[in-house]
Each structure stands twice: as C-alpha cells, then as structure tokens.
file query.txt (compact mmCIF, C-alpha atoms and all ligand atoms)
# COMPACT_ATOMS: atom_id res chain seq x y z
CA MET R 1 -10.08 -9.08 -7.95
CA GLU R 2 -7.58 -11.65 -9.13
CA ILE R 3 -4.10 -11.00 -7.69
CA LYS R 4 -2.38 -10.83 -11.08
CA LYS R 5 -4.81 -8.15 -12.25
CA LEU R 6 -4.22 -6.12 -9.08
CA ILE R 7 -0.45 -6.47 -9.61
CA GLU R 8 -0.86 -5.12 -13.15
CA LEU R 9 -2.64 -2.06 -11.70
CA ALA R 10 0.15 -1.51 -9.14
CA LEU R 11 2.79 -1.79 -11.91
CA ASP R 12 0.76 0.68 -13.97
CA ALA R 13 0.68 3.08 -10.99
CA LYS R 14 4.46 2.78 -10.59
CA GLU R 15 4.84 3.64 -14.26
CA LYS R 16 2.35 6.52 -14.54
CA MET R 17 1.32 7.93 -11.16
CA THR R 18 4.52 8.83 -9.36
CA TYR R 19 6.22 12.20 -8.98
CA THR R 20 9.77 11.44 -7.85
CA PRO R 21 12.20 14.12 -9.03
CA TYR R 22 14.40 13.82 -5.91
CA SER R 23 14.87 10.12 -5.15
CA LYS R 24 13.85 8.86 -8.59
CA PHE R 25 12.69 5.77 -6.66
CA ASN R 26 9.25 4.80 -7.90
CA VAL R 27 6.65 2.84 -5.95
CA GLY R 28 3.21 1.80 -7.15
CA CYS R 29 0.28 0.53 -5.14
CA ALA R 30 -3.14 -0.91 -5.89
CA VAL R 31 -5.61 -1.47 -3.09
CA GLU R 32 -8.83 -3.45 -3.28
CA MET R 33 -11.52 -2.41 -0.82
CA GLU R 34 -14.35 -4.34 0.84
CA ASP R 35 -16.78 -3.89 -2.05
CA GLY R 36 -14.26 -4.82 -4.76
CA SER R 37 -13.46 -1.27 -5.77
CA VAL R 38 -9.81 -0.59 -6.58
CA TYR R 39 -7.65 2.50 -6.10
CA GLN R 40 -4.13 3.11 -7.40
CA GLY R 41 -1.38 5.36 -6.08
CA GLY R 42 2.19 6.41 -6.74
CA ASN R 43 4.64 8.14 -4.40
CA ILE R 44 4.75 11.93 -4.56
CA GLU R 45 7.82 13.88 -3.45
CA ILE R 46 8.15 17.50 -2.33
CA VAL R 47 11.35 19.54 -2.42
CA SER R 48 11.34 20.13 1.35
CA TYR R 49 11.11 16.32 1.68
CA SER R 50 8.88 15.87 4.75
CA PRO R 51 5.57 16.41 2.89
CA THR R 52 6.48 13.46 0.64
CA ILE R 53 3.85 10.73 0.64
CA CYS R 54 4.26 7.05 -0.11
CA ALA R 55 2.36 5.24 -2.87
CA GLU R 56 0.47 3.14 -0.31
CA ARG R 57 -0.94 6.15 1.49
CA VAL R 58 -1.95 7.85 -1.76
CA ALA R 59 -3.92 4.74 -2.81
CA ILE R 60 -5.45 4.14 0.65
CA PHE R 61 -6.40 7.78 1.20
CA LYS R 62 -8.04 7.94 -2.22
CA ALA R 63 -10.18 4.96 -1.17
CA VAL R 64 -10.96 6.34 2.30
CA SER R 65 -11.89 9.74 0.90
CA GLU R 66 -14.41 7.95 -1.33
CA GLY R 67 -16.04 6.39 1.73
CA HIS R 68 -14.28 3.02 1.97
CA ARG R 69 -13.03 1.73 5.32
CA GLU R 70 -11.86 -1.87 4.81
CA ILE R 71 -8.86 -3.06 2.79
CA LYS R 72 -9.16 -6.56 1.31
CA LYS R 73 -5.91 -6.74 -0.67
CA ILE R 74 -3.00 -4.38 -1.18
CA VAL R 75 -0.23 -4.78 -3.76
CA ILE R 76 3.04 -2.88 -3.45
CA THR R 77 5.69 -2.77 -6.15
CA GLY R 78 8.84 -0.67 -6.18
CA ASP R 79 12.08 -0.10 -8.05
CA ASN R 80 13.89 -2.47 -5.68
CA LYS R 81 13.21 -6.17 -5.68
CA ASP R 82 10.70 -6.78 -2.87
CA THR R 83 9.82 -3.24 -1.81
CA PHE R 84 8.02 -3.45 1.54
CA PRO R 85 5.83 -0.71 3.02
CA CYS R 86 7.50 1.70 5.43
CA GLY R 87 6.51 1.68 9.10
CA VAL R 88 4.12 4.59 8.75
CA CYS R 89 2.27 2.89 5.89
CA ARG R 90 2.05 -0.37 7.88
CA GLN R 91 0.21 1.54 10.59
CA VAL R 92 -2.09 3.15 8.02
CA ILE R 93 -2.89 -0.29 6.57
CA ARG R 94 -3.65 -1.42 10.15
CA GLU R 95 -6.14 1.42 10.56
CA PHE R 96 -8.24 0.11 7.69
CA SER R 97 -7.97 -3.63 8.20
CA LYS R 98 -6.80 -6.12 10.77
CA ASP R 99 -6.16 -8.91 8.29
CA PRO R 100 -5.66 -7.74 4.69
CA GLU R 101 -3.77 -9.74 2.08
CA ILE R 102 -0.48 -7.89 1.55
CA ILE R 103 1.22 -8.70 -1.74
CA ILE R 104 4.80 -7.63 -2.40
CA ALA R 105 5.23 -7.88 -6.15
CA ASN R 106 8.05 -7.59 -8.64
CA SER R 107 5.94 -8.80 -11.57
CA THR R 108 2.76 -10.77 -12.18
CA GLU R 109 4.88 -13.93 -11.94
CA ASP R 110 7.09 -12.94 -9.04
CA TYR R 111 5.25 -11.99 -5.86
CA ARG R 112 4.83 -13.02 -2.23
CA LYS R 113 1.88 -12.74 0.14
CA PHE R 114 2.13 -11.62 3.76
CA THR R 115 -0.28 -11.10 6.62
CA LEU R 116 -0.27 -7.81 8.52
CA GLU R 117 0.65 -9.74 11.67
CA GLU R 118 3.85 -10.88 9.90
CA ILE R 119 4.97 -7.38 8.97
CA LEU R 120 3.47 -5.46 11.92
CA PRO R 121 3.41 -7.81 14.90
CA HIS R 122 1.81 -6.81 18.23
CA SER R 123 0.16 -3.85 16.53
CA PHE R 124 -1.73 -1.00 18.11
CA GLY R 125 -5.09 -0.55 16.38
CA PRO R 126 -8.35 1.40 16.54
CA GLU R 127 -10.04 -1.15 18.86
CA GLU R 128 -7.54 -0.30 21.58
CA LEU R 129 -9.22 3.02 22.28
CA ASN R 130 -12.65 1.43 22.68
CA ASN R 131 -11.55 0.21 26.13
CA VAL R 132 -11.08 3.63 27.71
N1 LIG Z 201 8.24 5.02 -0.66
C1 LIG Z 201 6.97 4.58 -0.93
O1 LIG Z 201 6.25 5.17 -1.75
N2 LIG Z 201 6.53 3.48 -0.29
C2 LIG Z 201 7.27 2.74 0.56
O2 LIG Z 201 6.76 1.81 1.15
C3 LIG Z 201 8.68 3.06 0.77
C4 LIG Z 201 9.12 4.39 0.29
C5 LIG Z 201 8.73 6.20 -1.38
C6 LIG Z 201 8.91 7.43 -0.54
C7 LIG Z 201 9.92 8.19 -1.35
O3 LIG Z 201 9.23 8.93 -2.36
C8 LIG Z 201 10.74 7.13 -2.05
O4 LIG Z 201 9.99 5.92 -1.94
C9 LIG Z 201 12.10 6.91 -1.46
O5 LIG Z 201 12.03 6.71 -0.10
call {"tool": "encode", "arguments": {"input": "query.txt", "output": "structure tokens", "more": "lines below"}}
Ligand code: THU
result
Amino acid sequence: MEIKKLIELALDAKEKMTYTPYSKFNVGCAVEMEDGSVYQGGNIEIVSYSPTICAERVAIFKAVSEGHREIKKIVITGDNKDTFPCGVCRQVIREFSKDPEIIIANSTEDYRKFTLEEILPHSFGPEELNNV
C-alpha cells in the first residue's frame, strides 16, 4: 500500500482506536503484512498500568492472530512529534520481520523512514535459536 494511505490509517487509529484515560497520550499504528493486508491499532491503558499495551503491539498482534507472520511496512504516529516505538515493540517488530519499512509519521506530508537495523542494532531474533 502507498505510504501516505498507510499513514492515514495510522492517524485514523490514533484518533479512534485508543483507550488512554491515564496518560492521555495517544499513539496510532498501521501495519501492512506480506500479502498486502493492513491492521490498525491504538494504545490501550489499564488502571494498574502494567497490562497497558502499545499501539504497535495491538496492530501486530491483530495481524498475527489472523495468521500473518511477515511485516512489510509499519507506520507509527503519536501525540509527540516523531513518536518512536518503545524497546519492547522494537523486539516484537523484529519477531515478525528482519527488514520492514518503519515509518515515523506526524502527517501524510511529514514522515521519515527507518530500517529496523537503525532502531534496533545487533538484534536478537528468532533465527538465533535455530543454532542450538
Ligand atoms: N505507547 C505506545 O502506544 N507506543 C509507543 O511506542 C510508545 C508508548 C503508549 C503506551 C502508553 O499508553 C502511552 O503511550 C504513554 O506511554
């Protein structure tokens, strides 16, 4: 899918799919999988805090639970300018692709692309355990 269209879906997720009564910090994500299917997610917060889940993991887990295993592109947009995925979400992205296009977006006109190697260098991935 065209990047601008995927950004629109991430912005839409930030607007409509979050539940953030505690931080009031909204993040939206849209992930495109290997076959072109797209899943959206927003962050969901829980009063005891630790069960809270990031927008990226909501979108990715929706895709994985529908049988997908390979991320092609992922767009992240948050209330801050240039909201990057947290460390846990970087590792989850790594699980489902070694080289996805990672797009950090503020709008359809203002975005930057990153490789996973740039934001999670020297990563530990699923292939590692094939050696033992
Ligand atoms: N959050 C995300 O959804 N994604 C990120 O990459 C960073 C943080 C959420 C978690 C929490 O609901 C709120 O932002 C504040 O940390």
call {"tool": "residues_around", "arguments": {"input": "query.txt", "residues": "R:Ala10", "least_positions_apart": "5", "cutoff": "12 Å", "atoms": "only C-alpha atoms", "output": "PyMOL selection string"}}
result
chain R and resi 3-5+15-18+26-32+38-43+55-56+59+73-78+103-108
call {"tool": "residues_near_ligand", "arguments": {"input": "query.txt", "ligand": "ligand LIG 201 (chain Z)", "cutoff": "6 Å", "atoms": "all atoms listed in the file", "output": "number ranges by chain"}}
result
R: 23, 25, 27, 43-45, 54-55, 84-86
call {"tool": "write_last_selection", "arguments": {"input": "query.txt", "atoms": "C-alpha atoms", "output": "short mmCIF file (atom, residue, chain, number, x, y, z; two decimals), keeping the file's coordinate frame"}}
result
data_model
loop_
_atom_site.label_atom_id
_atom_site.label_comp_id
_atom_site.auth_asym_id
_atom_site.auth_seq_id
_atom_site.Cartn_x
_atom_site.Cartn_y
_atom_site.Cartn_z
CA SER R 23 14.87 10.12 -5.15
CA PHE R 25 12.69 5.77 -6.66
CA VAL R 27 6.65 2.84 -5.95
CA ASN R 43 4.64 8.14 -4.40
CA ILE R 44 4.75 11.93 -4.56
CA GLU R 45 7.82 13.88 -3.45
CA CYS R 54 4.26 7.05 -0.11
CA ALA R 55 2.36 5.24 -2.87
CA PHE R 84 8.02 -3.45 1.54
CA PRO R 85 5.83 -0.71 3.02
CA CYS R 86 7.50 1.70 5.43
#
call {"tool": "closest_residue", "arguments": {"input": "query.txt", "among": "R:Val88, R:Ile102, R:Leu120, R:Ile60", "to": "R:Met33", "atoms": "only C-alpha atoms"}}
result
R:Ile60
call {"tool": "closest_residue", "arguments": {"input": "query.txt", "among": "R:Asp12, R:Leu129, R:Gly36, R:Lys72", "to": "R:Glu101", "atoms": "only C-alpha atoms"}}
result
R:Lys72
call {"tool": "atom_distance", "arguments": {"input": "query.txt", "atom1": "atom CA of R:Phe124", "atom2": "atom CA of R:His68"}}
result
20.8 Å
call {"tool": "residues_around", "arguments": {"input": "query.txt", "residues": "R:Val47", "least_positions_apart": "3", "cutoff": "10 Å", "atoms": "all atoms listed in the file", "output": "list in words"}}
result
Thr20, Pro21, Tyr22, Ser50, Pro51 and Thr52 of chain R
call {"tool": "write_last_selection", "arguments": {"input": "query.txt", "atoms": "C-alpha atoms", "output": "PDB file, in the coordinates of the input"}}
result
ATOM      1  CA  THR R  20       9.770  11.440  -7.850  1.00  0.00           C
ATOM      2  CA  PRO R  21      12.200  14.120  -9.030  1.00  0.00           C
ATOM      3  CA  TYR R  22      14.400  13.820  -5.910  1.00  0.00           C
ATOM      4  CA  SER R  50       8.880  15.870   4.750  1.00  0.00           C
ATOM      5  CA  PRO R  51       5.570  16.410   2.890  1.00  0.00           C
ATOM      6  CA  THR R  52       6.480  13.460   0.640  1.00  0.00           C
TER       7      THR R  52
END
call {"tool": "atom_distance", "arguments": {"input": "query.txt", "atom1": "atom CA of R:Tyr49", "atom2": "atom CA of R:Asp79"}}
result
19.1 Å
call {"tool": "axis_aligned_box", "arguments": {"input": "query.txt", "around": "stretch 103-113 of chain R", "padding_each_side": "5 Å", "output": "JSON"}}
result
{"center_x": 4.6, "center_y": -10.8, "center_z": -6.0, "size_x": 16.8, "size_y": 16.3, "size_z": 22.3}
call {"tool": "atom_distance", "arguments": {"input": "query.txt", "atom1": "atom CA of R:Ser37", "atom2": "atom CA of R:Pro126"}}
result
23.0 Å
call {"tool": "closest_residue", "arguments": {"input": "query.txt", "among": "R:Arg69, R:Lys24, R:Lys81, R:Arg112", "to": "R:Ile93", "atoms": "only C-alpha atoms"}}
result
R:Arg69
call {"tool": "build_atoms", "arguments": {"input": "query.txt", "residues": "stretch 62-91 of chain R", "atoms": "N, CA and C atoms", "output": "CSV table (one decimal), in the frame of the given file"}}
result
chain,number,residue,atom,x,y,z
R,62,LYS,N,-7.0,7.8,-1.1
R,62,LYS,CA,-8.0,7.9,-2.2
R,62,LYS,C,-9.3,7.1,-1.9
R,63,ALA,N,-9.1,5.9,-1.5
R,63,ALA,CA,-10.2,5.0,-1.2
R,63,ALA,C,-11.0,5.5,0.0
R,64,VAL,N,-10.3,5.9,1.1
R,64,VAL,CA,-11.0,6.3,2.3
R,64,VAL,C,-11.8,7.6,2.0
R,65,SER,N,-11.2,8.5,1.2
R,65,SER,CA,-11.9,9.7,0.9
R,65,SER,C,-13.1,9.5,0.0
R,66,GLU,N,-13.2,8.3,-0.6
R,66,GLU,CA,-14.4,8.0,-1.3
R,66,GLU,C,-15.4,7.1,-0.5
R,67,GLY,N,-15.1,7.0,0.8
R,67,GLY,CA,-16.0,6.4,1.7
R,67,GLY,C,-15.7,5.0,2.2
R,68,HIS,N,-14.6,4.4,1.6
R,68,HIS,CA,-14.3,3.0,2.0
R,68,HIS,C,-13.5,3.0,3.3
R,69,ARG,N,-13.7,1.8,4.0
R,69,ARG,CA,-13.0,1.7,5.3
R,69,ARG,C,-12.3,0.4,5.5
R,70,GLU,N,-12.4,-0.5,4.6
R,70,GLU,CA,-11.9,-1.9,4.8
R,70,GLU,C,-11.0,-2.4,3.6
R,71,ILE,N,-9.7,-2.6,3.9
R,71,ILE,CA,-8.9,-3.1,2.8
R,71,ILE,C,-9.0,-4.6,2.7
R,72,LYS,N,-9.2,-5.1,1.5
R,72,LYS,CA,-9.2,-6.6,1.3
R,72,LYS,C,-7.8,-7.0,0.9
R,73,LYS,N,-7.2,-6.4,-0.1
R,73,LYS,CA,-5.9,-6.7,-0.7
R,73,LYS,C,-5.1,-5.5,-1.0
R,74,ILE,N,-3.8,-5.5,-0.8
R,74,ILE,CA,-3.0,-4.4,-1.2
R,74,ILE,C,-1.7,-4.9,-1.8
R,75,VAL,N,-1.4,-4.4,-3.0
R,75,VAL,CA,-0.2,-4.8,-3.8
R,75,VAL,C,0.7,-3.6,-3.8
R,76,ILE,N,2.0,-3.9,-3.4
R,76,ILE,CA,3.0,-2.9,-3.4
R,76,ILE,C,4.1,-3.3,-4.4
R,77,THR,N,4.6,-2.4,-5.3
R,77,THR,CA,5.7,-2.8,-6.2
R,77,THR,C,6.6,-1.6,-6.3
R,78,GLY,N,7.9,-1.8,-6.2
R,78,GLY,CA,8.8,-0.7,-6.2
R,78,GLY,C,10.0,-0.9,-7.1
R,79,ASP,N,10.9,0.0,-7.2
R,79,ASP,CA,12.1,-0.1,-8.0
R,79,ASP,C,13.1,-1.1,-7.5
R,80,ASN,N,13.1,-1.4,-6.2
R,80,ASN,CA,13.9,-2.5,-5.7
R,80,ASN,C,13.1,-3.8,-5.8
R,81,LYS,N,13.9,-4.9,-5.8
R,81,LYS,CA,13.2,-6.2,-5.7
R,81,LYS,C,12.6,-6.2,-4.3
R,82,ASP,N,11.4,-6.6,-4.2
R,82,ASP,CA,10.7,-6.8,-2.9
R,82,ASP,C,10.7,-5.5,-2.1
R,83,THR,N,10.0,-4.5,-2.5
R,83,THR,CA,9.8,-3.2,-1.8
R,83,THR,C,8.7,-3.4,-0.8
R,84,PHE,N,9.0,-3.3,0.5
R,84,PHE,CA,8.0,-3.4,1.5
R,84,PHE,C,7.5,-2.1,2.0
R,85,PRO,N,6.3,-2.0,2.5
R,85,PRO,CA,5.8,-0.7,3.0
R,85,PRO,C,6.6,-0.2,4.2
R,86,CYS,N,6.8,1.1,4.3
R,86,CYS,CA,7.5,1.7,5.4
R,86,CYS,C,6.6,1.5,6.7
R,87,GLY,N,7.2,1.8,7.8
R,87,GLY,CA,6.5,1.7,9.1
R,87,GLY,C,5.2,2.5,9.2
R,88,VAL,N,5.3,3.7,8.7
R,88,VAL,CA,4.1,4.6,8.8
R,88,VAL,C,3.0,4.0,7.9
R,89,CYS,N,3.3,3.5,6.7
R,89,CYS,CA,2.3,2.9,5.9
R,89,CYS,C,1.7,1.6,6.5
R,90,ARG,N,2.6,0.8,7.2
R,90,ARG,CA,2.0,-0.4,7.9
R,90,ARG,C,1.0,0.0,8.9
R,91,GLN,N,1.2,1.1,9.6
R,91,GLN,CA,0.2,1.5,10.6
R,91,GLN,C,-1.1,2.0,9.9
